[in-house]
Each structure stands twice: as structure tokens, then as C-alpha cells.
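**Q** start-v1.cif is the file, holding mmCIF, C-alpha atoms:
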```cif
data_run
#
loop_
_atom_site.label_atom_id
_atom_site.label_comp_id
_atom_site.auth_asym_id
_atom_site.auth_seq_id
_atom_site.Cartn_x
_atom_site.Cartn_y
_atom_site.Cartn_z
CA MET A 889 4.12 74.04 73.80
CA THR A 890 7.38 73.16 72.17
CA ASP A 891 10.35 75.29 73.16
CA GLN A 892 11.59 76.98 69.98
CA ARG A 893 15.12 77.18 71.28
CA TYR A 894 15.65 73.44 71.06
CA ARG A 895 13.90 72.82 67.77
CA LEU A 896 16.20 71.23 65.20
CA PRO A 897 16.17 72.67 61.73
CA ARG A 898 14.30 70.62 59.21
CA PRO A 899 16.42 69.14 56.45
CA ARG A 900 15.87 70.71 53.13
CA PRO A 901 14.68 68.32 50.43
CA ALA A 902 17.31 67.39 47.95
CA GLN A 903 16.84 69.01 44.61
CA ALA A 904 17.32 67.00 41.56
CA ARG A 905 20.24 68.00 39.43
CA PRO A 906 18.83 68.98 36.08
CA ALA A 907 20.12 67.12 33.16
CA GLU A 908 22.49 68.78 30.82
CA GLY A 909 20.88 70.53 27.97
CA ASP A 910 17.43 71.06 29.53
CA GLY A 911 18.15 74.78 29.89
CA ALA A 912 17.86 74.93 33.72
CA ALA A 913 20.48 76.80 35.74
CA VAL A 914 22.87 74.67 37.75
CA GLU A 915 22.88 75.55 41.45
CA THR A 916 26.41 75.66 42.96
CA PRO A 917 27.15 75.31 46.66
CA PRO A 918 28.16 78.50 48.48
CA ALA A 919 31.91 79.20 48.58
CA VAL A 920 33.65 78.66 51.90
CA ALA A 921 36.03 81.52 52.84
CA PRO A 922 39.60 80.41 53.76
CA PRO A 923 40.75 81.10 57.31
CA ALA A 924 42.10 84.59 57.78
CA VAL A 925 45.93 84.69 57.96
CA ALA A 926 47.68 87.77 59.27
CA PRO A 927 50.33 89.24 56.98
CA LEU A 928 53.91 88.22 57.73
CA GLY A 929 54.94 91.70 58.94
CA GLU A 930 52.01 91.88 61.33
CA ARG A 931 52.86 88.48 62.84
CA ALA A 932 56.47 89.56 63.42
CA ALA A 933 55.32 92.74 65.12
CA ARG A 934 52.91 90.76 67.30
CA ARG A 935 55.72 88.44 68.40
CA ALA A 936 57.94 91.44 69.22
CA ARG A 937 55.18 92.89 71.44
CA THR A 938 54.75 89.62 73.29
CA PRO A 939 57.18 89.29 76.26
CA ARG A 940 59.33 86.21 76.05
CA HIS A 941 58.51 85.16 79.56
CA ALA A 942 54.82 85.11 78.62
CA ALA A 943 55.47 82.00 76.61
CA SER A 944 58.39 80.47 78.47
CA GLY A 945 57.43 81.40 82.02
CA PRO A 946 59.59 83.15 84.67
CA PRO A 947 63.39 82.68 84.41
CA SER A 948 64.85 79.87 86.43
CA ALA A 949 67.17 80.37 89.39
CA GLY A 950 70.12 79.21 87.29
CA ARG A 951 69.35 81.75 84.59
CA ARG A 952 69.04 84.54 87.17
CA ALA A 953 72.40 83.55 88.67
CA LEU A 954 74.02 83.59 85.23
CA VAL A 955 72.68 87.08 84.56
CA ALA A 956 73.98 88.27 87.95
CA VAL A 957 77.44 86.81 87.25
CA ARG A 958 77.56 88.53 83.87
CA GLU A 959 76.59 91.87 85.39
CA LEU A 960 79.19 91.50 88.16
CA ALA A 961 81.89 90.60 85.63
CA ALA A 962 81.02 93.68 83.57
CA VAL A 963 81.25 95.91 86.66
CA VAL A 964 84.65 94.43 87.63
CA VAL A 965 86.06 94.88 84.12
CA ILE A 966 84.86 98.49 83.95
CA ALA A 967 86.32 99.21 87.41
CA MET A 968 89.70 97.73 86.42
CA VAL A 969 89.83 99.71 83.18
CA LEU A 970 88.97 102.96 84.98
CA SER A 971 91.53 102.23 87.68
CA LEU A 972 94.21 101.55 85.06
CA LEU A 973 93.43 104.83 83.29
CA ILE A 974 93.51 106.76 86.58
CA LYS A 975 96.79 105.10 87.59
CA THR A 976 98.37 105.82 84.21
CA PHE A 977 97.35 109.45 83.80
CA LEU A 978 96.10 110.92 87.09
CA ALA A 979 97.05 109.29 90.41
CA GLN A 980 98.50 106.15 91.94
CA PRO A 981 98.61 104.77 95.50
CA PHE A 982 101.90 103.96 97.21
CA TRP A 983 102.82 102.67 100.64
CA ILE A 984 105.75 103.79 102.79
CA PRO A 985 108.19 100.95 103.57
CA SER A 986 110.88 102.76 105.59
CA GLU A 987 111.61 105.44 108.22
CA SER A 988 113.49 107.81 105.89
CA MET A 989 110.66 110.38 105.78
CA GLU A 990 109.68 110.40 109.46
CA ASN A 991 107.79 112.14 110.93
CA THR A 992 106.14 113.39 107.77
CA LEU A 993 105.55 109.80 106.67
CA VAL A 994 105.91 106.64 108.73
CA PRO A 995 106.15 102.98 107.65
CA GLY A 996 102.77 101.64 106.62
CA ASP A 997 101.32 104.98 105.50
CA ARG A 998 99.42 104.95 102.21
CA VAL A 999 99.86 108.01 100.04
CA VAL A 1000 98.25 109.19 96.81
CA VAL A 1001 100.71 110.37 94.16
CA SER A 1002 99.63 112.84 91.50
CA LYS A 1003 100.81 111.97 87.99
CA LEU A 1004 100.33 115.58 86.90
CA THR A 1005 103.69 116.57 88.49
CA PRO A 1006 106.05 116.71 86.74
CA GLY A 1007 104.05 117.33 83.59
CA PRO A 1008 101.21 119.82 83.39
CA ALA A 1009 102.38 121.05 86.83
CA ASP A 1010 106.05 121.89 87.43
CA LEU A 1011 108.11 120.47 90.25
CA LYS A 1012 108.83 122.85 93.13
CA ARG A 1013 111.35 122.84 95.92
CA GLY A 1014 109.81 121.12 98.91
CA ASP A 1015 107.64 118.72 96.89
CA VAL A 1016 107.56 115.14 98.19
CA VAL A 1017 108.15 112.91 95.19
CA VAL A 1018 108.12 109.18 94.40
CA PHE A 1019 110.65 107.84 91.92
CA GLY A 1020 111.86 104.51 90.62
CA ASP A 1021 115.07 102.94 91.93
CA PHE A 1022 117.01 104.00 88.84
CA GLY A 1023 120.43 103.89 90.57
CA HIS A 1024 119.86 100.81 92.74
CA TRP A 1025 119.74 102.87 95.92
CA LEU A 1026 117.60 100.27 97.67
CA PRO A 1027 119.40 97.34 99.33
CA ALA A 1028 118.27 93.94 98.16
CA ALA A 1029 116.83 93.13 101.58
CA ALA A 1030 114.54 96.19 101.42
CA THR A 1031 112.74 94.95 98.33
CA THR A 1032 109.96 92.55 99.20
CA GLN A 1033 109.87 89.65 96.78
CA ARG A 1034 106.42 88.17 96.28
CA SER A 1035 106.14 84.82 94.56
CA GLY A 1036 103.56 82.22 93.69
CA VAL A 1037 99.90 82.79 92.99
CA GLY A 1038 99.59 85.39 95.74
CA GLY A 1039 102.49 87.39 94.36
CA ALA A 1040 101.10 87.29 90.84
CA PHE A 1041 97.71 88.43 92.12
CA VAL A 1042 99.23 91.36 94.03
CA LYS A 1043 101.32 92.39 91.02
CA SER A 1044 98.21 92.31 88.85
CA LEU A 1045 96.38 94.59 91.29
CA GLN A 1046 99.38 96.91 91.40
CA PHE A 1047 99.45 97.03 87.61
CA VAL A 1048 95.86 98.30 87.41
CA GLY A 1049 96.27 100.57 90.45
CA LEU A 1050 94.06 98.67 92.89
CA TYR A 1051 96.91 97.86 95.28
CA PRO A 1052 99.58 100.31 96.47
CA SER A 1053 103.10 99.99 95.11
CA GLY A 1054 106.23 100.85 97.03
CA ASP A 1055 108.59 97.89 97.18
CA ASP A 1056 110.81 99.16 94.37
CA HIS A 1057 110.27 102.91 94.69
CA LEU A 1058 111.68 105.66 96.89
CA ILE A 1059 110.03 108.75 98.33
CA LYS A 1060 112.02 111.91 99.21
CA ARG A 1061 111.68 115.69 99.36
CA VAL A 1062 112.98 117.90 96.54
CA ILE A 1063 115.61 120.30 97.90
CA GLY A 1064 117.30 121.52 94.72
CA LEU A 1065 116.02 122.08 91.17
CA PRO A 1066 118.14 122.07 87.98
CA GLY A 1067 120.86 124.73 88.24
CA ASP A 1068 120.60 125.12 92.03
CA THR A 1069 123.72 124.99 94.16
CA VAL A 1070 123.05 122.90 97.27
CA ARG A 1071 125.51 122.80 100.18
CA CYS A 1072 125.83 121.38 103.64
CA CYS A 1073 126.17 123.25 105.80
CA ASN A 1074 126.41 126.89 106.93
CA THR A 1075 127.58 128.01 110.36
CA ARG A 1076 124.11 127.41 111.74
CA GLY A 1077 124.11 123.81 110.51
CA GLN A 1078 121.58 124.58 107.77
CA ILE A 1079 121.36 123.21 104.23
CA THR A 1080 121.79 126.13 101.84
CA VAL A 1081 120.30 126.52 98.37
CA ASN A 1082 121.85 129.23 96.21
CA GLY A 1083 123.44 130.68 99.33
CA VAL A 1084 120.22 130.86 101.40
CA GLY A 1085 120.01 128.79 104.59
CA LEU A 1086 116.86 126.71 104.91
CA ASP A 1087 114.71 126.67 108.03
CA GLU A 1088 113.27 123.14 107.69
CA PRO A 1089 110.40 122.46 110.12
CA TYR A 1090 109.74 119.03 108.56
CA ILE A 1091 113.07 117.51 109.66
CA TYR A 1092 112.82 114.65 112.16
CA PRO A 1093 113.42 116.06 115.65
CA GLY A 1094 117.07 115.63 116.60
CA GLY A 1095 117.96 114.31 113.15
CA GLY A 1096 120.20 117.22 112.22
CA THR A 1097 121.34 118.09 108.70
CA ASP A 1098 125.12 117.69 108.68
CA GLN A 1099 125.70 113.93 108.60
CA LYS A 1100 127.60 114.45 105.34
CA ARG A 1101 129.27 117.53 103.89
CA PHE A 1102 128.71 118.30 100.23
CA SER A 1103 128.51 121.09 97.69
CA VAL A 1104 126.92 120.37 94.29
CA THR A 1105 125.25 122.11 91.40
CA VAL A 1106 122.22 120.17 90.22
CA PRO A 1107 122.53 119.21 86.52
CA ALA A 1108 119.84 120.05 83.97
CA GLY A 1109 116.86 117.71 83.94
CA ARG A 1110 117.57 116.42 87.47
CA VAL A 1111 116.65 117.24 91.08
CA TRP A 1112 118.43 116.90 94.41
CA VAL A 1113 116.39 114.97 96.99
CA MET A 1114 116.73 114.34 100.72
CA GLY A 1115 114.70 112.48 103.32
CA ASP A 1116 113.06 114.34 106.20
CA ASN A 1117 114.72 111.91 108.62
CA ARG A 1118 118.23 113.09 107.76
CA GLY A 1119 119.90 110.65 110.13
CA ASP A 1120 118.26 107.62 108.48
CA SER A 1121 117.90 108.41 104.79
CA SER A 1122 120.07 107.07 102.00
CA ASP A 1123 119.36 109.95 99.63
CA SER A 1124 121.21 112.12 97.10
CA ARG A 1125 123.98 112.90 99.61
CA PHE A 1126 125.18 109.32 99.86
CA HIS A 1127 125.04 108.41 96.17
CA ASP A 1128 126.83 111.38 94.64
CA ASP A 1129 130.41 111.48 93.37
CA GLY A 1130 130.82 115.18 94.17
CA THR A 1131 129.58 116.43 90.80
CA GLY A 1132 125.85 116.32 91.49
CA THR A 1133 125.37 113.89 88.62
CA THR A 1134 125.13 110.50 90.28
CA GLY A 1135 123.24 111.61 93.37
CA SER A 1136 120.55 113.67 91.68
CA VAL A 1137 117.37 112.07 90.33
CA PRO A 1138 116.43 112.30 86.63
CA GLN A 1139 113.05 113.99 86.32
CA ASP A 1140 111.88 111.34 83.86
CA GLN A 1141 112.27 108.76 86.67
CA ILE A 1142 109.84 110.63 88.93
CA VAL A 1143 106.44 108.92 89.11
CA GLY A 1144 104.74 111.95 90.62
CA ARG A 1145 104.20 114.19 93.64
CA ALA A 1146 102.78 112.74 96.85
CA VAL A 1147 99.78 114.92 97.71
CA ALA A 1148 98.06 113.23 100.66
CA VAL A 1149 98.19 110.49 103.26
CA VAL A 1150 94.99 108.47 102.91
CA TRP A 1151 95.62 105.60 105.34
CA PRO A 1152 95.47 104.98 108.24
CA VAL A 1153 92.46 107.15 108.98
CA ASP A 1154 93.99 108.87 111.99
CA ARG A 1155 96.91 110.08 109.82
CA MET A 1156 94.92 111.35 106.84
CA THR A 1157 96.33 114.72 105.78
CA TRP A 1158 97.49 116.80 102.82
CA LEU A 1159 101.25 116.86 102.29
CA SER A 1160 102.72 120.34 102.27
CA ASN A 1161 105.72 121.44 100.24
CA TYR A 1162 106.49 124.12 102.86
CA SER A 1163 106.75 126.81 100.24
CA SER A 1164 107.59 129.41 102.92
CA THR A 1165 110.86 127.53 103.56
CA PHE A 1166 111.99 128.11 99.98
CA ASP A 1167 110.40 131.49 99.23
CA LYS A 1168 113.67 133.38 99.80
CA VAL A 1169 115.75 131.10 97.58
CA PRO A 1170 116.68 132.98 94.37
CA LYS A 1171 116.00 131.28 91.07
CA ARG A 1172 118.86 130.12 88.86
#
```
Would you put the structure from the file into C-alpha cells?
**A**
Amino acid sequence: MTDQRYRLPRPRPAQARPAEGDGAAVETPPAVAPPAVAPLGERAARRARTPRHAASGPPSAGRRALVAVRELAAVVVIAMVLSLLIKTFLAQPFWIPSESMENTLVPGDRVVVSKLTPGPADLKRGDVVVFGDFGHWLPAAATTQRSGVGGAFVKSLQFVGLYPSGDDHLIKRVIGLPGDTVRCCNTRGQITVNGVGLDEPYIYPGGGTDQKRFSVTVPAGRVWVMGDNRGDSSDSRFHDDGTGTTGSVPQDQIVGRAVAVVWPVDRMTWLSNYSSTFDKVPKR
């Protein structure tokens, strides 16, 4: 028996084309449908749904490295911008280059300085402040000069706040505010402010207070500053002409108030303004 599945179809006999005019209908071959073509919008949507790597394969190692570099660069730029904003408006790191504030601060300490004082927060007696060397108090030898590529790199980091400043700044404690009369010294060897002797627990042991006699009234817009290590601090006492004008620090030269020691770890602490020392001083 012949298997019907493999039987070839028999060719149909050719039909004679009737001559024109004999009245017979002309048989036309069946129409062949054109291939279906998806609309343009549908093709675009289909391409959007198809992952790129489906056609091109997994990304190469070079492409992955390039993506990683771009992401790292973006993170670095964002970090630098945030650091610059923080340094400009909120806080800035500084390092301590000298012994003038011992034992409160020692050389090599890193401190955080709040930019909110003076500003939204008022200066107070006892605040430890950082200010620019407006009157050239620093000797030339005390200012570290960095040069070359390394110096430019450090200065760039300092500019954005990622490296502590300190070479051209000073840090002292506020003793007198505008209008205060500051004198050295009473019969007990104390600094007096508006006639009240100060009991200063922050002074370097054995440093004393009376290395230089003075009596000044602090001008408006300025503050009188002194180092905690009174025997080794070139502060307002040694730069004044007796009027309180040349030795006091303009408030607009103050970078901010030092609020904490953050390095080294074993010296981390908040910096007090010893408000109890100045509580009895009358306001002027």
C-alpha cells in the first residue's frame, strides 16, 4: 500500500486560454499577499524593549573600566564641591603650628573651626578663634612655604577644605570684646576685664600672666586676644601701641571659632570657652 504522506500532488492540466471575444471568463491567478511589515512606531518600541547587550553581547573589560572611571570621577567632583561648600559656610579644618596655646592645643593638633561664629552666633569671651595674619604678627620663618607640584596640590586641597590650613593663620583666646577695658595685672597677678580679675584655669602651668603690663579699651568691631601659653605667645599684648587699636583683632578677620580637636585620636575633645571664668564680668 502506498504511504499517503509521501504522495506527490498530481499536476493540474493546463487550461487553454480562451480566445478574446468567445464570451468565456478569463481565469486570473490568485493574488499573493505582500509580507507583513510592522508599523514604524511599533518597530521603534520593539527596539526600545530589546536590551542593547542582547545584540552586541556583554560589555568588554575596557568598557567596564571606562564606566568605573567615570563613576569615580563623578564621586570625586561631588565630594570636592560639597567640601568647598562646607568649608565656605559651615566649618574648616586647621592645624596648630606653634606652642602659643599649650596645653589647650599643642603643635600638630587638628581642630575644626565653625564658620557660624562670628555670624549667626556671637563671639563670647573665652572663645578660641582662628584669624588671618592681618597685621603680619607671624615671623617669616614661621610660615611654611610650599612650592612645586606638591605645594600646588596641597594648596588646592586647602582651597576646597580637604587639607587643614594653618601656615598663615593664628589661633588665640578672646579675652576682651568691643568696649571692654582689659588690664594687666591686679595685685594677685590676674588679668582684669572691666575691673574683674579672671581666674584662668586654661593658662599653661607656670606661664603666669604679667609678662607685659598694659591697660586698653577694646575698640568697636575688634577683640582682644591672648594665648593660653602666656610666656610664649605673641598676641595682642605685644602688637599694641597702648591704644588698643593695633593689638586688637578686627572681627572681619576672624575665620571662626575652634570647637573641637579631631586629631590625634587620643586628644579628641570639645574646646571649652570657660564661660564660668567670665560670668562675673559686667557688660559694657
**Q** Considering only C-alpha atoms, can you say which of A:Gln1141, A:Ser1163, A:Ser1121, A:Thr1131 comes closest to Val1017 of chain A?
**A**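 Counting only C-alpha atoms, the residue closest to Val1017 of chain A is A:Gln1141.
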**Q** Between A:Met1114, A:Leu1011, A:Val1104, A:Val1018, which residue has the minimum interatomic distance to Arg1061 of chain A, considering only C-alpha atoms?
**A** A:Met1114
**Q** One decimal, in Å: what's the spacing between atom CA of Val963 of chain A and atom CA of Trp983 of chain A?
**A**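 It comes out at 26.6 Å.
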**Q** Report the distance between atom CA of Gly1014 of chain A and atom CA of Asp1129 of chain A in Å, rounded to one decimal place.
**A**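 Result for atom CA of Gly1014 of chain A versus atom CA of Asp1129 of chain A: 23.4 Å, one decimal.
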**Q** Could you tell me how far atom CA of Pro1027 of chain A sits from atom CA of Ala1148 of chain A, in Å to one decimal place?
**A**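 Computing the Euclidean distance for atom CA of Ala1148 of chain A and atom CA of Pro1027 of chain A yields 26.6 Å.
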**Q** Out of A:Thr1005, A:Ser1164, A:Gln1139, A:Ser1124, which residue has the shortest atom-to-atom distance to Leu1086 of chain A when counting all atoms listed in the file?
**A** A:Ser1164
**Q** Taking the file as I've supplied it (selection: the PyMOL selection byres ((chain A and resi 1105) around 9)), which residues are included? Please answer as a PyMOL selection string.
**A** chain A and resi 1064+1066-1071+1103-1104+1106-1107+1131-1133
**Q** Apply the PyMOL selection byres ((chain A and resi 1089) around 12) to the displayed file and report the matching residues as a count of residues only.
**A** 24
**Q** Could you extract segment 1055-1066 of chain A of the given structure into a file holding all heavy atoms, as a short mmCIF file (atom, residue, chain, number, x, y, z; two decimals), in the first residue's frame?
**A**
```cif
data_model
loop_
_atom_site.label_atom_id
_atom_site.label_comp_id
_atom_site.auth_asym_id
_atom_site.auth_seq_id
_atom_site.Cartn_x
_atom_site.Cartn_y
_atom_site.Cartn_z
N ASP A 1055 49.22 77.56 58.14
CA ASP A 1055 50.52 78.21 57.96
C ASP A 1055 50.44 79.73 58.11
O ASP A 1055 51.35 80.35 58.65
CB ASP A 1055 51.09 77.88 56.58
CG ASP A 1055 51.38 76.39 56.43
OD1 ASP A 1055 51.44 75.70 57.46
OD2 ASP A 1055 51.54 75.93 55.29
N ASP A 1056 49.38 80.33 57.62
CA ASP A 1056 49.28 81.78 57.62
C ASP A 1056 48.11 82.27 58.47
O ASP A 1056 47.52 83.31 58.20
CB ASP A 1056 49.15 82.30 56.19
CG ASP A 1056 47.99 81.64 55.44
OD1 ASP A 1056 47.38 80.70 56.00
OD2 ASP A 1056 47.72 82.04 54.31
N HIS A 1057 47.77 81.50 59.51
CA HIS A 1057 46.71 81.89 60.42
C HIS A 1057 47.20 81.79 61.86
O HIS A 1057 48.19 81.12 62.15
CB HIS A 1057 45.47 81.01 60.24
CG HIS A 1057 44.72 81.27 58.98
ND1 HIS A 1057 45.16 80.87 57.74
CD2 HIS A 1057 43.54 81.91 58.76
CE1 HIS A 1057 44.29 81.25 56.81
NE2 HIS A 1057 43.30 81.88 57.41
N LEU A 1058 46.50 82.46 62.76
CA LEU A 1058 46.82 82.41 64.18
C LEU A 1058 45.59 81.93 64.94
O LEU A 1058 44.45 82.11 64.48
CB LEU A 1058 47.25 83.77 64.71
CG LEU A 1058 48.50 84.39 64.06
CD1 LEU A 1058 48.11 85.38 62.98
CD2 LEU A 1058 49.38 85.05 65.11
N ILE A 1059 45.83 81.34 66.11
CA ILE A 1059 44.73 80.88 66.95
C ILE A 1059 44.99 81.36 68.37
O ILE A 1059 46.06 81.12 68.93
CB ILE A 1059 44.57 79.34 66.87
CG1 ILE A 1059 43.36 78.88 67.68
CG2 ILE A 1059 45.84 78.63 67.28
CD1 ILE A 1059 42.93 77.45 67.36
N LYS A 1060 44.02 82.08 68.95
CA LYS A 1060 44.15 82.65 70.29
C LYS A 1060 42.78 82.60 70.98
O LYS A 1060 41.76 82.27 70.38
CB LYS A 1060 44.62 84.12 70.22
CG LYS A 1060 45.87 84.37 69.41
CD LYS A 1060 47.12 83.79 70.04
CE LYS A 1060 48.37 84.07 69.19
NZ LYS A 1060 49.57 83.37 69.71
N ARG A 1061 42.80 82.99 72.27
CA ARG A 1061 41.56 83.03 73.04
C ARG A 1061 41.09 84.47 73.19
O ARG A 1061 41.90 85.38 73.48
CB ARG A 1061 41.77 82.40 74.42
CG ARG A 1061 40.46 82.15 75.18
CD ARG A 1061 40.71 81.50 76.52
NE ARG A 1061 41.32 80.19 76.39
CZ ARG A 1061 40.64 79.06 76.21
NH1 ARG A 1061 39.32 79.09 76.13
NH2 ARG A 1061 41.29 77.90 76.12
N VAL A 1062 39.79 84.69 73.00
CA VAL A 1062 39.21 86.03 73.16
C VAL A 1062 39.13 86.35 74.65
O VAL A 1062 38.50 85.63 75.43
CB VAL A 1062 37.81 86.10 72.52
CG1 VAL A 1062 37.17 87.46 72.80
CG2 VAL A 1062 37.89 85.86 71.02
N ILE A 1063 39.76 87.48 75.03
CA ILE A 1063 39.73 87.94 76.42
C ILE A 1063 38.81 89.15 76.57
O ILE A 1063 38.08 89.27 77.56
CB ILE A 1063 41.15 88.28 76.92
CG1 ILE A 1063 42.05 87.05 76.79
CG2 ILE A 1063 41.12 88.77 78.36
CD1 ILE A 1063 41.61 85.85 77.60
N GLY A 1064 38.86 90.06 75.59
CA GLY A 1064 38.03 91.26 75.67
C GLY A 1064 37.21 91.48 74.42
O GLY A 1064 37.71 91.29 73.30
N LEU A 1065 35.96 91.88 74.60
CA LEU A 1065 35.06 92.20 73.49
C LEU A 1065 35.05 93.71 73.27
O LEU A 1065 35.61 94.47 74.08
CB LEU A 1065 33.65 91.70 73.81
CG LEU A 1065 33.47 90.18 73.91
CD1 LEU A 1065 32.05 89.83 74.36
CD2 LEU A 1065 33.80 89.50 72.59
N PRO A 1066 34.43 94.19 72.20
CA PRO A 1066 34.38 95.64 71.96
C PRO A 1066 33.84 96.41 73.17
O PRO A 1066 32.80 96.05 73.73
CB PRO A 1066 33.45 95.75 70.75
CG PRO A 1066 33.60 94.45 70.04
CD PRO A 1066 33.79 93.44 71.11
#
```
